[in-house]
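Raw structure22.cif, mmCIF, C-alpha atoms:
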data_protein
#
loop_
_atom_site.label_atom_id
_atom_site.label_comp_id
_atom_site.auth_asym_id
_atom_site.auth_seq_id
_atom_site.Cartn_x
_atom_site.Cartn_y
_atom_site.Cartn_z
CA MET B 724 -17.31 5.68 -17.77
CA PRO B 725 -19.25 6.95 -14.73
CA ILE B 726 -21.75 4.71 -12.96
CA GLU B 727 -25.12 5.66 -11.51
CA VAL B 728 -25.71 4.58 -7.92
CA ASN B 729 -28.66 5.72 -5.82
CA GLY B 730 -29.13 8.77 -8.02
CA LYS B 731 -25.48 9.77 -7.74
CA THR B 732 -23.04 9.74 -10.64
CA LEU B 733 -19.70 8.28 -9.59
CA GLU B 734 -16.54 8.73 -11.59
CA THR B 735 -14.63 5.61 -12.67
CA ASP B 736 -11.42 5.14 -14.65
CA GLU B 737 -11.18 3.59 -18.12
CA GLU B 738 -11.24 0.10 -16.60
CA GLY B 739 -14.23 0.77 -14.39
CA TYR B 740 -12.47 1.25 -11.03
CA LEU B 741 -13.78 3.97 -8.75
CA VAL B 742 -11.65 7.12 -8.99
CA ASN B 743 -12.56 8.27 -5.50
CA LEU B 744 -12.36 5.45 -2.96
CA ASP B 745 -14.62 7.35 -0.57
CA ASP B 746 -17.49 7.11 -3.09
CA TRP B 747 -17.94 3.45 -2.25
CA GLU B 748 -21.05 2.02 -0.66
CA PRO B 749 -22.49 -1.51 -0.94
CA ALA B 750 -24.82 -0.30 -3.71
CA VAL B 751 -21.74 0.39 -5.86
CA ALA B 752 -20.80 -3.29 -5.81
CA GLU B 753 -24.41 -4.22 -6.61
CA ALA B 754 -24.49 -1.81 -9.55
CA MET B 755 -21.17 -3.05 -10.94
CA ALA B 756 -22.21 -6.67 -10.58
CA LYS B 757 -25.49 -5.96 -12.36
CA GLU B 758 -23.57 -4.62 -15.35
CA ASP B 759 -21.65 -7.91 -15.42
CA ASP B 760 -24.91 -9.91 -15.11
CA LEU B 761 -23.78 -11.24 -11.77
CA GLU B 762 -25.92 -11.71 -8.67
CA LEU B 763 -23.93 -11.00 -5.51
CA THR B 764 -24.30 -13.72 -2.89
CA ASP B 765 -23.08 -13.88 0.72
CA GLU B 766 -19.99 -15.67 -0.62
CA HIS B 767 -19.20 -12.71 -2.89
CA TRP B 768 -19.72 -10.29 -0.03
CA GLU B 769 -17.39 -12.29 2.18
CA ILE B 770 -14.57 -11.64 -0.32
CA ILE B 771 -15.54 -8.01 -1.00
CA ASN B 772 -15.63 -7.24 2.72
CA PHE B 773 -12.36 -9.04 3.22
CA LEU B 774 -10.73 -6.90 0.51
CA ARG B 775 -12.01 -3.72 2.08
CA GLU B 776 -10.61 -4.74 5.47
CA TYR B 777 -7.28 -5.64 3.88
CA TYR B 778 -7.12 -2.25 2.16
CA GLU B 779 -8.07 -0.46 5.34
CA GLU B 780 -5.20 -2.14 7.16
CA TYR B 781 -2.47 -2.10 4.51
CA GLN B 782 -3.49 0.66 2.07
CA ILE B 783 -3.10 -1.50 -1.03
CA ALA B 784 -5.18 -4.00 -2.96
CA PRO B 785 -3.56 -7.43 -2.52
CA ALA B 786 -2.10 -9.43 -5.40
CA VAL B 787 -4.23 -12.46 -6.31
CA ARG B 788 -1.72 -14.86 -4.76
CA VAL B 789 -1.79 -12.93 -1.51
CA LEU B 790 -5.57 -12.68 -1.57
CA THR B 791 -5.89 -16.43 -2.11
CA LYS B 792 -3.65 -17.25 0.81
CA ALA B 793 -5.19 -14.65 3.09
CA VAL B 794 -8.70 -15.88 2.33
CA GLY B 795 -7.59 -19.44 3.06
CA LYS B 796 -6.22 -18.36 6.38
CA ARG B 797 -9.19 -16.24 7.38
CA LEU B 798 -12.15 -18.05 5.81
CA GLY B 799 -10.91 -21.63 5.58
CA LYS B 800 -8.84 -23.71 3.19
CA ASP B 801 -11.86 -24.70 1.06
CA LYS B 802 -12.15 -21.02 0.07
CA GLY B 803 -8.46 -20.19 -0.21
CA ASN B 804 -7.94 -21.53 -3.71
CA SER B 805 -8.21 -20.09 -7.20
CA LYS B 806 -10.96 -22.47 -8.24
CA TYR B 807 -13.30 -21.17 -5.55
CA LEU B 808 -12.39 -17.52 -6.12
CA TYR B 809 -12.61 -17.68 -9.92
CA GLY B 810 -15.94 -19.46 -9.48
CA LEU B 811 -17.23 -16.37 -7.69
CA PHE B 812 -15.40 -13.79 -9.81
CA PRO B 813 -14.92 -15.20 -13.31
CA TYR B 814 -13.07 -12.08 -14.54
CA GLY B 815 -10.38 -12.69 -11.95
CA PRO B 816 -10.74 -12.35 -8.18
CA GLY B 817 -8.09 -9.64 -7.99
CA LYS B 818 -9.45 -7.44 -10.74
CA GLN B 819 -13.17 -7.98 -10.46
CA ALA B 820 -13.55 -8.27 -6.69
CA CYS B 821 -11.29 -5.26 -6.08
CA ARG B 822 -13.36 -3.24 -8.53
CA TYR B 823 -16.59 -4.17 -6.75
CA ALA B 824 -14.96 -3.36 -3.42
CA GLY B 825 -14.10 0.13 -4.66
CA LEU B 826 -10.35 -0.47 -4.47
CA PRO B 827 -7.74 0.36 -7.09
CA LYS B 828 -6.50 -2.38 -9.38
CA PRO B 829 -3.93 -4.55 -7.53
CA THR B 830 -0.33 -3.49 -8.03
CA GLY B 831 1.39 -5.75 -10.54
CA CYS B 832 -1.90 -6.87 -11.99
CA VAL B 833 -1.80 -6.66 -15.78
CA MET A 479 13.80 -23.26 -7.92
CA SER A 480 17.10 -22.49 -9.66
CA ASP A 481 15.41 -19.83 -11.82
CA LYS A 482 14.60 -17.85 -8.70
CA LYS A 483 16.87 -14.83 -8.34
CA GLN A 484 17.86 -13.09 -5.14
CA PHE A 485 16.57 -9.53 -5.39
CA MET A 486 17.77 -6.86 -3.00
CA PHE A 487 16.03 -3.50 -2.80
CA LEU A 488 18.22 -0.85 -1.26
CA ASN A 489 16.29 2.07 0.23
CA ARG A 490 18.29 5.16 1.11
CA ARG A 491 15.83 8.03 1.09
CA ALA A 492 13.21 9.49 3.41
CA PRO A 493 9.67 8.26 2.64
CA TYR A 494 8.24 11.55 1.40
CA GLY A 495 9.66 14.50 -0.51
CA THR A 496 10.73 12.28 -3.37
CA ILE A 497 8.91 9.43 -5.07
CA TYR A 498 11.74 6.92 -4.51
CA ALA A 499 10.39 5.14 -1.42
CA TRP A 500 6.93 4.59 -2.88
CA GLU A 501 8.35 3.54 -6.27
CA SER A 502 10.62 1.05 -4.54
CA LEU A 503 7.71 -0.39 -2.59
CA GLU A 504 5.66 -0.81 -5.77
CA VAL A 505 8.50 -2.63 -7.53
CA VAL A 506 8.92 -4.83 -4.45
CA LEU A 507 5.21 -5.76 -4.58
CA ILE A 508 5.46 -6.58 -8.27
CA ALA A 509 8.68 -8.60 -7.92
CA ALA A 510 7.23 -10.51 -4.97
CA ALA A 511 3.98 -11.18 -6.83
CA PHE A 512 6.11 -12.86 -9.51
CA GLU A 513 7.55 -15.18 -6.87
CA GLN A 514 11.12 -13.93 -6.78
CA ALA A 515 13.21 -14.09 -3.60
CA VAL A 516 12.93 -10.52 -2.39
CA SER A 517 14.85 -8.83 0.44
CA LEU A 518 14.89 -5.19 1.41
CA ALA A 519 17.56 -3.10 3.07
CA PHE A 520 17.11 0.31 4.68
CA ILE A 521 20.10 2.62 4.98
CA ASP A 522 20.66 6.34 5.72
CA ASP A 523 17.35 8.27 5.71
CA GLY A 524 15.72 5.13 4.26
CA VAL A 525 15.28 3.88 7.84
CA TYR A 526 12.56 6.52 8.28
CA GLN A 527 10.38 4.55 5.85
CA LEU A 528 9.79 1.94 8.56
CA VAL A 529 9.08 4.28 11.46
CA THR A 530 5.62 3.74 12.97
CA GLY A 531 3.06 6.45 13.62
CA GLN A 532 3.60 8.41 10.39
CA ASP A 533 1.07 11.16 9.71
CA THR A 534 1.01 12.62 6.22
CA THR A 535 -2.12 14.76 6.49
CA GLY A 536 -0.05 17.96 6.50
CA ILE A 537 1.72 17.20 3.23
CA GLY A 538 -1.23 15.89 1.24
CA MET A 539 0.39 12.57 0.42
CA LYS A 540 -0.86 9.07 1.00
CA ASN A 541 0.64 7.46 4.09
CA PHE A 542 1.88 4.18 2.62
CA SER A 543 3.77 3.04 5.71
CA PRO A 544 1.05 0.47 6.68
CA THR A 545 1.84 -1.37 3.42
CA TYR A 546 5.22 -2.56 4.74
CA LYS A 547 3.34 -4.69 7.30
CA THR A 548 1.91 -6.93 4.59
CA LEU A 549 5.24 -7.69 2.90
CA GLY A 550 5.46 -10.98 4.78
CA ASP A 551 2.22 -11.99 3.06
CA TYR A 552 4.04 -11.27 -0.22
CA GLU A 553 6.69 -13.79 0.81
CA VAL A 554 9.34 -11.17 1.48
CA ARG A 555 11.58 -12.97 3.96
CA HIS A 556 14.06 -10.31 5.06
CA MET A 557 13.98 -6.60 5.79
CA TYR A 558 17.40 -5.48 6.94
CA VAL A 559 18.00 -2.17 8.69
CA ASP A 560 21.45 -0.63 8.95
CA LYS A 561 22.41 -0.32 12.62
CA ASP A 562 24.58 2.81 12.24
CA SER A 563 21.93 4.66 10.22
CA LEU A 564 19.33 3.84 12.86
CA GLU A 565 21.51 4.93 15.80
CA ALA A 566 22.67 8.12 14.06
CA ARG A 567 19.01 9.17 13.90
CA GLY A 568 18.29 8.33 17.54
CA LEU A 569 16.05 5.43 16.54
CA SER A 570 15.87 1.83 17.66
CA VAL A 571 14.09 -1.27 16.43
CA ASP A 572 11.23 -0.39 18.83
CA ASP A 573 10.41 2.61 16.61
CA LEU A 574 9.97 0.45 13.54
CA VAL A 575 7.08 -1.57 12.09
CA VAL A 576 6.78 -5.23 12.94
CA VAL A 577 6.38 -7.43 9.87
CA PRO A 578 5.31 -11.02 10.53
CA TRP A 579 5.81 -13.87 8.11
CA GLU A 580 4.01 -17.18 8.02
CA ASP A 581 4.19 -20.22 5.79
CA TRP A 582 0.49 -20.98 5.41
CA GLU A 583 1.06 -24.59 4.51
CA THR A 584 3.53 -25.63 7.19
CA GLU A 585 2.36 -22.97 9.67
CA GLU A 586 6.00 -22.09 10.28
CA THR A 587 6.10 -18.50 11.52
CA VAL A 588 8.56 -15.67 11.99
CA ASP A 589 7.29 -12.96 14.36
CA ASN A 590 9.24 -10.17 12.69
CA ILE A 591 11.28 -10.21 9.49
CA VAL A 592 12.72 -6.75 10.27
CA GLU A 593 16.30 -7.24 11.41
CA VAL A 594 18.94 -4.72 12.45
CA VAL A 595 22.36 -5.58 11.00
CA ASP A 596 25.80 -3.93 10.96
CA SER A 597 27.42 -2.60 7.79
CA ALA A 598 29.74 -5.59 7.39
CA LYS A 599 26.75 -7.94 7.34
CA LEU A 600 24.95 -5.62 4.92
CA ALA A 601 27.93 -5.64 2.55
CA GLU A 602 27.91 -9.42 2.68
CA LEU A 603 24.18 -9.54 1.88
CA LEU A 604 24.61 -7.21 -1.08
CA GLU A 605 27.43 -9.38 -2.36
CA GLU A 606 25.17 -12.46 -2.22
CA SER A 607 22.32 -10.84 -4.16
CA ASP A 608 21.85 -11.54 -7.88
CA VAL A 609 20.12 -8.25 -8.55
CA VAL A 610 20.37 -5.02 -6.53
CA PHE A 611 17.89 -2.19 -7.06
CA SER A 612 18.93 1.07 -5.47
CA PHE A 613 16.32 3.68 -4.62
#
Could you spell out this file's structure in structure tokens?
Amino acid sequence: MPIEVNGKTLETDEEGYLVNLDDWEPAVAEAMAKEDDLELTDEHWEIINFLREYYEEYQIAPAVRVLTKAVGKRLGKDKGNSKYLYGLFPYGPGKQACRYAGLPKPTGCV
Amino acid sequence: MSDKKQFMFLNRRAPYGTIYAWESLEVVLIAAAFEQAVSLAFIDDGVYQLVTGQDTTGIGMKNFSPTYKTLGDYEVRHMYVDKDSLEARGLSVDDLVVVPWEDWETEETVDNIVEVVDSAKLAELLEESDVVFSF
């Protein structure tokens, strides 16, 4: 189902992930979050930006376990745990945050 | 942790031209995400998978070589490279990616889990593995 962002129609796959990674802009995350009735806060953006940097460096979306540890290392132990991350992204930090960040679904994520 | 199996992924082919290298890497990521003890070995043209500075623009394929650098984050502890295969191709460990590993609880670190080993050592490692995947 395509999504409308700033007057542009962007193609997504059957699970709502962007087909073309280059289509991403912050407004994409805002639009996706709106559909989920979620207001994006600075805390959400911290994770989304982290995921985009991780992808830029390693060319994959990290598994949840890796994301959790990496966030703990980079943003502090109080944020590097599933409780915090699921609090921000109730549909699963891997799946939901990666989708907002314009990344593919993490490998091994079912 | 007795239910943890020793997985060894044997990589023998060049990174592009066939899908084997990428498929192997994906299975490694999945196995590691399920908390198995995962090691990798690179033999024959498989050593090219770890060479730095790859540029795939001319062949229209995704350059997945940066992904190897995050394998330490996936708790992969060993990436063995066959010494003879490396030397036969005029390569040395300096041409290969550096993959750090860190235990984020104890802060124990390993600067590089990539290790060049001879064929006798490699045979020994394969013997010790519970499961060997060959790509």
| request: Run through the PyMOL selection byres ((chain B) within 8 of (chain A)) on the given coordinates and return the selected residues as a ChimeraX atom specification. | output: /B:780-783,786,788-789,792-793,796,830-831
Atoms to include: C-alpha atoms. Write the selected residues as a tab-separated table (two decimals), keeping the file's coordinate frame.
chain	number	residue	atom	x	y	z
B	780	GLU	CA	-5.20	-2.14	7.16
B	781	TYR	CA	-2.47	-2.10	4.51
B	782	GLN	CA	-3.49	0.66	2.07
B	783	ILE	CA	-3.10	-1.50	-1.03
B	786	ALA	CA	-2.10	-9.43	-5.40
B	788	ARG	CA	-1.72	-14.86	-4.76
B	789	VAL	CA	-1.79	-12.93	-1.51
B	792	LYS	CA	-3.65	-17.25	0.81
B	793	ALA	CA	-5.19	-14.65	3.09
B	796	LYS	CA	-6.22	-18.36	6.38
B	830	THR	CA	-0.33	-3.49	-8.03
B	831	GLY	CA	1.39	-5.75	-10.54
| request: Quick one: pull the distance between atom CA of B:Trp747 and atom CA of B:Gly825, Å, one decimal. | output: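 For atom CA of B:Trp747 relative to atom CA of B:Gly825, the distance reads 5.6 Å.
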| said: Applying 12 Å and only C-alpha atoms, which residues near B:Leu763 remain after dropping the ones on its own chain fewer than 6 positions away? List them as a ChimeraX atom specification. | reply: /B:749-757,769-771,811-812,820,823-824
Dump of C-alpha atoms for the selected residues, as a PDB file, in the frame of the given file:
ATOM      1  CA  PRO B 749     -22.490  -1.510  -0.940  1.00  0.00           C
ATOM      2  CA  ALA B 750     -24.820  -0.300  -3.710  1.00  0.00           C
ATOM      3  CA  VAL B 751     -21.740   0.390  -5.860  1.00  0.00           C
ATOM      4  CA  ALA B 752     -20.800  -3.290  -5.810  1.00  0.00           C
ATOM      5  CA  GLU B 753     -24.410  -4.220  -6.610  1.00  0.00           C
ATOM      6  CA  ALA B 754     -24.490  -1.810  -9.550  1.00  0.00           C
ATOM      7  CA  MET B 755     -21.170  -3.050 -10.940  1.00  0.00           C
ATOM      8  CA  ALA B 756     -22.210  -6.670 -10.580  1.00  0.00           C
ATOM      9  CA  LYS B 757     -25.490  -5.960 -12.360  1.00  0.00           C
ATOM     10  CA  GLU B 769     -17.390 -12.290   2.180  1.00  0.00           C
ATOM     11  CA  ILE B 770     -14.570 -11.640  -0.320  1.00  0.00           C
ATOM     12  CA  ILE B 771     -15.540  -8.010  -1.000  1.00  0.00           C
ATOM     13  CA  LEU B 811     -17.230 -16.370  -7.690  1.00  0.00           C
ATOM     14  CA  PHE B 812     -15.400 -13.790  -9.810  1.00  0.00           C
ATOM     15  CA  ALA B 820     -13.550  -8.270  -6.690  1.00  0.00           C
ATOM     16  CA  TYR B 823     -16.590  -4.170  -6.750  1.00  0.00           C
ATOM     17  CA  ALA B 824     -14.960  -3.360  -3.420  1.00  0.00           C
TER      18      ALA B 824
END
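If all atoms listed in the file are the atoms counted, then among A:Val554, A:Asp522, A:Gln527, A:Ser517 the closest residue to A:Ala499 is A:Gln527.
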| field | Close residues, B:Lys802 itself excluded, 12 Å, all atoms listed in the file, min 2 positions apart in chain, as a VMD selection string | value | chain B and resid 766 to 767 769 to 770 790 to 800 804 to 811
Can you spit out the residues from that selection as a PDB file, in the coordinates of the input, using C-alpha atoms?
ATOM      1  CA  GLU B 766     -19.990 -15.670  -0.620  1.00  0.00           C
ATOM      2  CA  HIS B 767     -19.200 -12.710  -2.890  1.00  0.00           C
ATOM      3  CA  GLU B 769     -17.390 -12.290   2.180  1.00  0.00           C
ATOM      4  CA  ILE B 770     -14.570 -11.640  -0.320  1.00  0.00           C
ATOM      5  CA  LEU B 790      -5.570 -12.680  -1.570  1.00  0.00           C
ATOM      6  CA  THR B 791      -5.890 -16.430  -2.110  1.00  0.00           C
ATOM      7  CA  LYS B 792      -3.650 -17.250   0.810  1.00  0.00           C
ATOM      8  CA  ALA B 793      -5.190 -14.650   3.090  1.00  0.00           C
ATOM      9  CA  VAL B 794      -8.700 -15.880   2.330  1.00  0.00           C
ATOM     10  CA  GLY B 795      -7.590 -19.440   3.060  1.00  0.00           C
ATOM     11  CA  LYS B 796      -6.220 -18.360   6.380  1.00  0.00           C
ATOM     12  CA  ARG B 797      -9.190 -16.240   7.380  1.00  0.00           C
ATOM     13  CA  LEU B 798     -12.150 -18.050   5.810  1.00  0.00           C
ATOM     14  CA  GLY B 799     -10.910 -21.630   5.580  1.00  0.00           C
ATOM     15  CA  LYS B 800      -8.840 -23.710   3.190  1.00  0.00           C
ATOM     16  CA  ASN B 804      -7.940 -21.530  -3.710  1.00  0.00           C
ATOM     17  CA  SER B 805      -8.210 -20.090  -7.200  1.00  0.00           C
ATOM     18  CA  LYS B 806     -10.960 -22.470  -8.240  1.00  0.00           C
ATOM     19  CA  TYR B 807     -13.300 -21.170  -5.550  1.00  0.00           C
ATOM     20  CA  LEU B 808     -12.390 -17.520  -6.120  1.00  0.00           C
ATOM     21  CA  TYR B 809     -12.610 -17.680  -9.920  1.00  0.00           C
ATOM     22  CA  GLY B 810     -15.940 -19.460  -9.480  1.00  0.00           C
ATOM     23  CA  LEU B 811     -17.230 -16.370  -7.690  1.00  0.00           C
TER      24      LEU B 811
END
| message | Given the point (-13.8, 8.9, -4.0) in the coordinates of this file, which residues lie within 12 Å, counting all atoms listed in the file, and how would they look as number ranges by chain? | response | B: 732-736, 740-748, 751, 825-827
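Among A:Glu605, A:Asp481, A:Asp596, A:Glu580, the residue with the shortest atom-to-atom distance to A:Ile521, counting only C-alpha atoms, is A:Asp596.
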| query | To one decimal place, how far is atom CA of A:Ala492 from atom CA of B:Glu776 in Å? | reply |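 Atom CA of B:Glu776 lies 27.8 Å from atom CA of A:Ala492.
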Limit the output to C-alpha atoms and give stretch 735-812 of chain B as a compact mmCIF listing (two decimals), in the first residue's frame.
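Listing of out-v4.txt after writing:
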# COMPACT_ATOMS: atom_id res chain seq x y z
CA THR B 735 5.75 0.32 0.12
CA ASP B 736 5.71 -3.47 0.34
CA GLU B 737 2.85 -5.56 1.75
CA GLU B 738 4.10 -4.95 5.30
CA GLY B 739 4.46 -1.21 4.86
CA TYR B 740 8.24 -0.97 4.42
CA LEU B 741 9.54 1.50 1.85
CA VAL B 742 10.45 -0.24 -1.41
CA ASN B 743 12.98 2.40 -2.38
CA LEU B 744 15.25 3.35 0.52
CA ASP B 745 16.14 6.64 -1.17
CA ASP B 746 12.50 7.79 -0.88
CA TRP B 747 12.97 8.36 2.83
CA GLU B 748 12.72 11.76 4.48
CA PRO B 749 11.72 12.62 8.06
CA ALA B 750 8.15 13.26 6.88
CA VAL B 751 7.90 9.57 5.94
CA ALA B 752 8.41 8.56 9.57
CA GLU B 753 5.86 11.17 10.65
CA ALA B 754 3.31 9.88 8.15
CA MET B 755 3.82 6.25 9.16
CA ALA B 756 3.57 7.10 12.84
CA LYS B 757 0.37 9.04 12.24
CA GLU B 758 -1.20 5.95 10.69
CA ASP B 759 -0.29 4.05 13.87
CA ASP B 760 -1.72 6.87 16.04
CA LEU B 761 1.73 7.54 17.44
CA GLU B 762 3.27 10.94 18.14
CA LEU B 763 7.01 10.90 17.44
CA THR B 764 9.05 12.39 20.27
CA ASP B 765 12.77 13.18 20.50
CA GLU B 766 13.21 9.75 22.08
CA HIS B 767 11.68 8.09 19.00
CA TRP B 768 13.88 10.15 16.72
CA GLU B 769 16.97 9.17 18.67
CA ILE B 770 16.28 5.51 17.79
CA ILE B 771 15.22 6.23 14.19
CA ASN B 772 18.36 8.26 13.57
CA PHE B 773 20.46 5.60 15.21
CA LEU B 774 19.00 2.96 12.89
CA ARG B 775 19.70 5.06 9.84
CA GLU B 776 23.32 5.54 10.91
CA TYR B 777 23.67 1.82 11.58
CA TYR B 778 22.29 1.02 8.13
CA GLU B 779 24.54 3.57 6.50
CA GLU B 780 27.56 1.94 8.10
CA TYR B 781 26.70 -1.75 7.82
CA GLN B 782 24.10 -1.96 5.03
CA ILE B 783 21.63 -4.02 7.05
CA ALA B 784 18.89 -3.39 9.58
CA PRO B 785 20.08 -4.76 12.93
CA ALA B 786 18.36 -7.63 14.75
CA VAL B 787 16.47 -6.46 17.85
CA ARG B 788 19.07 -7.96 20.17
CA VAL B 789 21.84 -6.11 18.37
CA LEU B 790 19.84 -2.89 18.31
CA THR B 791 19.18 -3.13 22.05
CA LYS B 792 22.84 -3.60 22.87
CA ALA B 793 24.01 -0.95 20.43
CA VAL B 794 21.55 1.59 21.81
CA GLY B 795 22.73 0.78 25.34
CA LYS B 796 26.29 1.39 24.31
CA ARG B 797 25.63 4.58 22.38
CA LEU B 798 22.75 6.19 24.28
CA GLY B 799 23.17 4.78 27.78
CA LYS B 800 22.18 1.65 29.67
CA ASP B 801 18.79 3.08 30.73
CA LYS B 802 17.81 3.05 27.04
CA GLY B 803 19.47 -0.20 26.01
CA ASN B 804 16.73 -2.52 27.19
CA SER B 805 13.61 -4.00 25.63
CA LYS B 806 11.29 -2.33 28.12
CA TYR B 807 12.40 1.14 27.04
CA LEU B 808 12.40 0.30 23.33
CA TYR B 809 9.03 -1.48 23.36
CA GLY B 810 7.68 1.49 25.32
CA LEU B 811 8.57 3.71 22.37
CA PHE B 812 7.70 1.22 19.62
